[in-house]
Each structure stands twice: as C-alpha cells, then as structure tokens.
Amino acid sequence: GPVAGYDENALAAARAAGELSLPGVLWSLERSVRDWLDAIDQAPTDLVVDHAERGDLTLDDVVRTTGHDALHHEWDIERSLTAARSARC
C-alpha cells in the first residue's frame, strides 16, 4: 500500500529531539537499529511500496534511500554530548 511521507525535522521538533539526554539518545539509537533490522528481515524480498514522493520502491530502494537515518541519529548524539559538556562547565 501507499507509504505516507513525513518531515523528519518537524518530527524531531515534535519529539523535542534536541532536549534528549545522552541515555535517551543512545536508547533511541539502539532501538531504531534493532527495529530497522527486524523490519528488513521480515520484509518479503519482492516488496514494492508506493511512496507518495518517490513512487514505487523495491526493498533494495528502501534500504538504500533510508540509510541516511543513521546520520540523523549521529547528529542527535553529537548535540546531546555538546549539551552534556556545556552543563558540566
């Protein structure tokens, strides 16, 4: 079926991602990696999803185009570390 798009920046703002503690960010990272790997393992190899902005995507397309999410998690961790260092000063 169709996959709804979303604005990851609006989602991060709604979740107050910039205010997460380091343990919260690390938990989120571990959980998202685990959930992602489980979803990929359970997806049929012939999966095709209808993305609202990108059209039909195969499982390989989904894996490649969403791989950038790790960079968002890295950014969250870096912001949390910066905030924790600032709080100690």
# chains A, B, ... in the order shown; residues from 1 in each chain; ligands from 1
>>> select_by_dssp(residues="chain A", states="strand (DSSP E or B)", output="ChimeraX atom specification")
/A:2-3,48-51,55-58
>>> residues_around(residues="Leu20 of chain A", least_positions_apart="6", cutoff="10 Å", atoms="only C-alpha atoms", output="compact mmCIF listing (two decimals) with N, CA and C atoms, in the first residue's frame")
# COMPACT_ATOMS: atom_id res chain seq x y z
N LEU A 26 20.95 7.32 23.17
CA LEU A 26 21.55 6.00 22.94
C LEU A 26 20.49 4.91 22.92
N SER A 28 17.39 5.35 21.99
CA SER A 28 16.68 5.54 20.73
C SER A 28 17.48 4.96 19.56
N ASP A 76 21.93 13.71 16.57
CA ASP A 76 21.28 13.76 17.88
C ASP A 76 22.29 13.46 18.99
N ILE A 77 23.13 12.47 18.78
CA ILE A 77 24.12 12.10 19.79
C ILE A 77 25.12 13.24 19.98
N ARG A 79 24.66 16.42 19.46
CA ARG A 79 24.01 17.53 20.16
C ARG A 79 23.87 17.22 21.64
N SER A 80 23.55 15.99 21.97
CA SER A 80 23.39 15.61 23.37
C SER A 80 24.73 15.67 24.10
N ALA A 83 25.57 19.30 24.72
CA ALA A 83 24.76 19.82 25.81
C ALA A 83 25.27 19.30 27.17
>>> closest_residue(among="A:Ala10, A:Ala87, A:Ala39, A:Leu81", to="Gly24 of chain A", atoms="only C-alpha atoms")
A:Leu81
>>> residues_around(residues="Ala43 of chain A", least_positions_apart="4", cutoff="12 Å", atoms="only C-alpha atoms", output="ChimeraX atom specification")
/A:36-39,47-49,58-60,62-63
>>> atom_distance(atom1="atom CA of His73 of chain A", atom2="atom CA of Val25 of chain A")
7.8 Å
>>> residues_around(residues="His72 of chain A", least_positions_apart="5", cutoff="12 Å", atoms="only C-alpha atoms", output="ChimeraX atom specification")
/A:8-9,11-12,17-18,25,28-29,32,66-67,77-79
>>> write_last_selection(atoms="all heavy atoms", output="JSON list (two decimals), in the first residue's frame")
[["chain", "number", "residue", "atom", "x", "y", "z"],
["A", 8, "GLU", "N", 11.06, 14.91, 8.56],
["A", 8, "GLU", "CA", 11.85, 14.43, 9.70],
["A", 8, "GLU", "C", 12.25, 15.55, 10.64],
["A", 8, "GLU", "O", 12.41, 15.33, 11.85],
["A", 8, "GLU", "CB", 13.08, 13.64, 9.24],
["A", 8, "GLU", "CG", 14.10, 14.43, 8.48],
["A", 8, "GLU", "CD", 13.90, 14.44, 6.98],
["A", 8, "GLU", "OE1", 12.88, 13.96, 6.46],
["A", 8, "GLU", "OE2", 14.77, 14.98, 6.30],
["A", 9, "ASN", "N", 12.39, 16.77, 10.13],
["A", 9, "ASN", "CA", 12.73, 17.89, 11.01],
["A", 9, "ASN", "C", 11.54, 18.27, 11.90],
["A", 9, "ASN", "O", 11.71, 18.56, 13.09],
["A", 9, "ASN", "CB", 13.20, 19.09, 10.20],
["A", 9, "ASN", "CG", 14.51, 18.80, 9.50],
["A", 9, "ASN", "OD1", 15.39, 18.15, 10.05],
["A", 9, "ASN", "ND2", 14.63, 19.24, 8.27],
["A", 11, "LEU", "N", 9.22, 16.19, 12.78],
["A", 11, "LEU", "CA", 9.09, 15.08, 13.72],
["A", 11, "LEU", "C", 10.08, 15.23, 14.86],
["A", 11, "LEU", "O", 9.73, 15.05, 16.03],
["A", 11, "LEU", "CB", 9.30, 13.75, 12.99],
["A", 11, "LEU", "CG", 9.20, 12.49, 13.83],
["A", 11, "LEU", "CD1", 7.83, 12.35, 14.48],
["A", 11, "LEU", "CD2", 9.52, 11.26, 12.98],
["A", 12, "ALA", "N", 11.32, 15.58, 14.54],
["A", 12, "ALA", "CA", 12.34, 15.78, 15.59],
["A", 12, "ALA", "C", 11.94, 16.91, 16.52],
["A", 12, "ALA", "O", 12.12, 16.82, 17.74],
["A", 12, "ALA", "CB", 13.70, 16.07, 14.95],
["A", 17, "ALA", "N", 13.75, 16.45, 20.13],
["A", 17, "ALA", "CA", 14.99, 15.68, 19.99],
["A", 17, "ALA", "C", 16.20, 16.41, 20.52],
["A", 17, "ALA", "O", 17.13, 15.79, 21.05],
["A", 17, "ALA", "CB", 15.21, 15.31, 18.52],
["A", 18, "GLY", "N", 16.21, 17.73, 20.42],
["A", 18, "GLY", "CA", 17.34, 18.50, 20.92],
["A", 18, "GLY", "C", 17.46, 18.51, 22.43],
["A", 18, "GLY", "O", 18.49, 18.93, 22.96],
["A", 25, "VAL", "N", 19.11, 9.28, 23.99],
["A", 25, "VAL", "CA", 19.55, 9.21, 22.59],
["A", 25, "VAL", "C", 20.12, 7.84, 22.28],
["A", 25, "VAL", "O", 19.82, 7.25, 21.24],
["A", 25, "VAL", "CB", 20.59, 10.32, 22.30],
["A", 25, "VAL", "CG1", 21.23, 10.12, 20.95],
["A", 25, "VAL", "CG2", 19.94, 11.69, 22.38],
["A", 28, "SER", "N", 17.39, 5.35, 21.99],
["A", 28, "SER", "CA", 16.68, 5.54, 20.73],
["A", 28, "SER", "C", 17.48, 4.96, 19.56],
["A", 28, "SER", "O", 16.91, 4.32, 18.68],
["A", 28, "SER", "CB", 16.43, 7.04, 20.52],
["A", 28, "SER", "OG", 15.77, 7.25, 19.30],
["A", 29, "LEU", "N", 18.78, 5.19, 19.57],
["A", 29, "LEU", "CA", 19.63, 4.66, 18.51],
["A", 29, "LEU", "C", 19.60, 3.14, 18.49],
["A", 29, "LEU", "O", 19.37, 2.52, 17.45],
["A", 29, "LEU", "CB", 21.06, 5.16, 18.69],
["A", 29, "LEU", "CG", 22.10, 4.60, 17.73],
["A", 29, "LEU", "CD1", 21.75, 4.96, 16.28],
["A", 29, "LEU", "CD2", 23.48, 5.10, 18.11],
["A", 32, "SER", "N", 16.11, 1.93, 17.34],
["A", 32, "SER", "CA", 15.81, 2.14, 15.93],
["A", 32, "SER", "C", 16.60, 1.18, 15.05],
["A", 32, "SER", "O", 16.07, 0.67, 14.05],
["A", 32, "SER", "CB", 16.07, 3.60, 15.52],
["A", 32, "SER", "OG", 17.42, 3.92, 15.64],
["A", 66, "THR", "N", 16.86, 5.04, 2.80],
["A", 66, "THR", "CA", 16.65, 5.37, 4.22],
["A", 66, "THR", "C", 17.91, 5.17, 5.06],
["A", 66, "THR", "O", 17.89, 5.46, 6.25],
["A", 66, "THR", "CB", 15.49, 4.57, 4.82],
["A", 66, "THR", "OG1", 15.77, 3.18, 4.64],
["A", 66, "THR", "CG2", 14.18, 4.92, 4.16],
["A", 67, "GLY", "N", 18.98, 4.74, 4.45],
["A", 67, "GLY", "CA", 20.23, 4.55, 5.17],
["A", 67, "GLY", "C", 20.77, 5.82, 5.79],
["A", 67, "GLY", "O", 21.53, 5.78, 6.75],
["A", 77, "ILE", "N", 23.13, 12.47, 18.78],
["A", 77, "ILE", "CA", 24.12, 12.10, 19.79],
["A", 77, "ILE", "C", 25.12, 13.24, 19.98],
["A", 77, "ILE", "O", 25.45, 13.59, 21.12],
["A", 77, "ILE", "CB", 24.84, 10.79, 19.39],
["A", 77, "ILE", "CG1", 23.85, 9.62, 19.49],
["A", 77, "ILE", "CG2", 26.06, 10.54, 20.28],
["A", 77, "ILE", "CD1", 24.34, 8.34, 18.85],
["A", 78, "GLU", "N", 25.59, 13.81, 18.88],
["A", 78, "GLU", "CA", 26.54, 14.92, 18.99],
["A", 78, "GLU", "C", 25.94, 16.10, 19.74],
["A", 78, "GLU", "O", 26.61, 16.72, 20.59],
["A", 78, "GLU", "CB", 27.01, 15.36, 17.61],
["A", 78, "GLU", "CG", 27.95, 14.37, 16.96],
["A", 78, "GLU", "CD", 28.33, 14.75, 15.54],
["A", 78, "GLU", "OE1", 27.91, 15.83, 15.06],
["A", 78, "GLU", "OE2", 29.03, 13.97, 14.91],
["A", 79, "ARG", "N", 24.66, 16.42, 19.46],
["A", 79, "ARG", "CA", 24.01, 17.53, 20.16],
["A", 79, "ARG", "C", 23.87, 17.22, 21.64],
["A", 79, "ARG", "O", 24.07, 18.10, 22.49],
["A", 79, "ARG", "CB", 22.64, 17.82, 19.54],
["A", 79, "ARG", "CG", 22.75, 18.47, 18.17],
["A", 79, "ARG", "CD", 21.42, 18.88, 17.63],
["A", 79, "ARG", "NE", 20.49, 17.76, 17.66],
["A", 79, "ARG", "CZ", 19.18, 17.87, 17.67],
["A", 79, "ARG", "NH1", 18.62, 19.06, 17.67],
["A", 79, "ARG", "NH2", 18.40, 16.82, 17.67]]
>>> select_by_dssp(residues="chain A", states="alpha helix (DSSP H)", output="ChimeraX atom specification")
/A:8-14,22-42,59-66,69-88
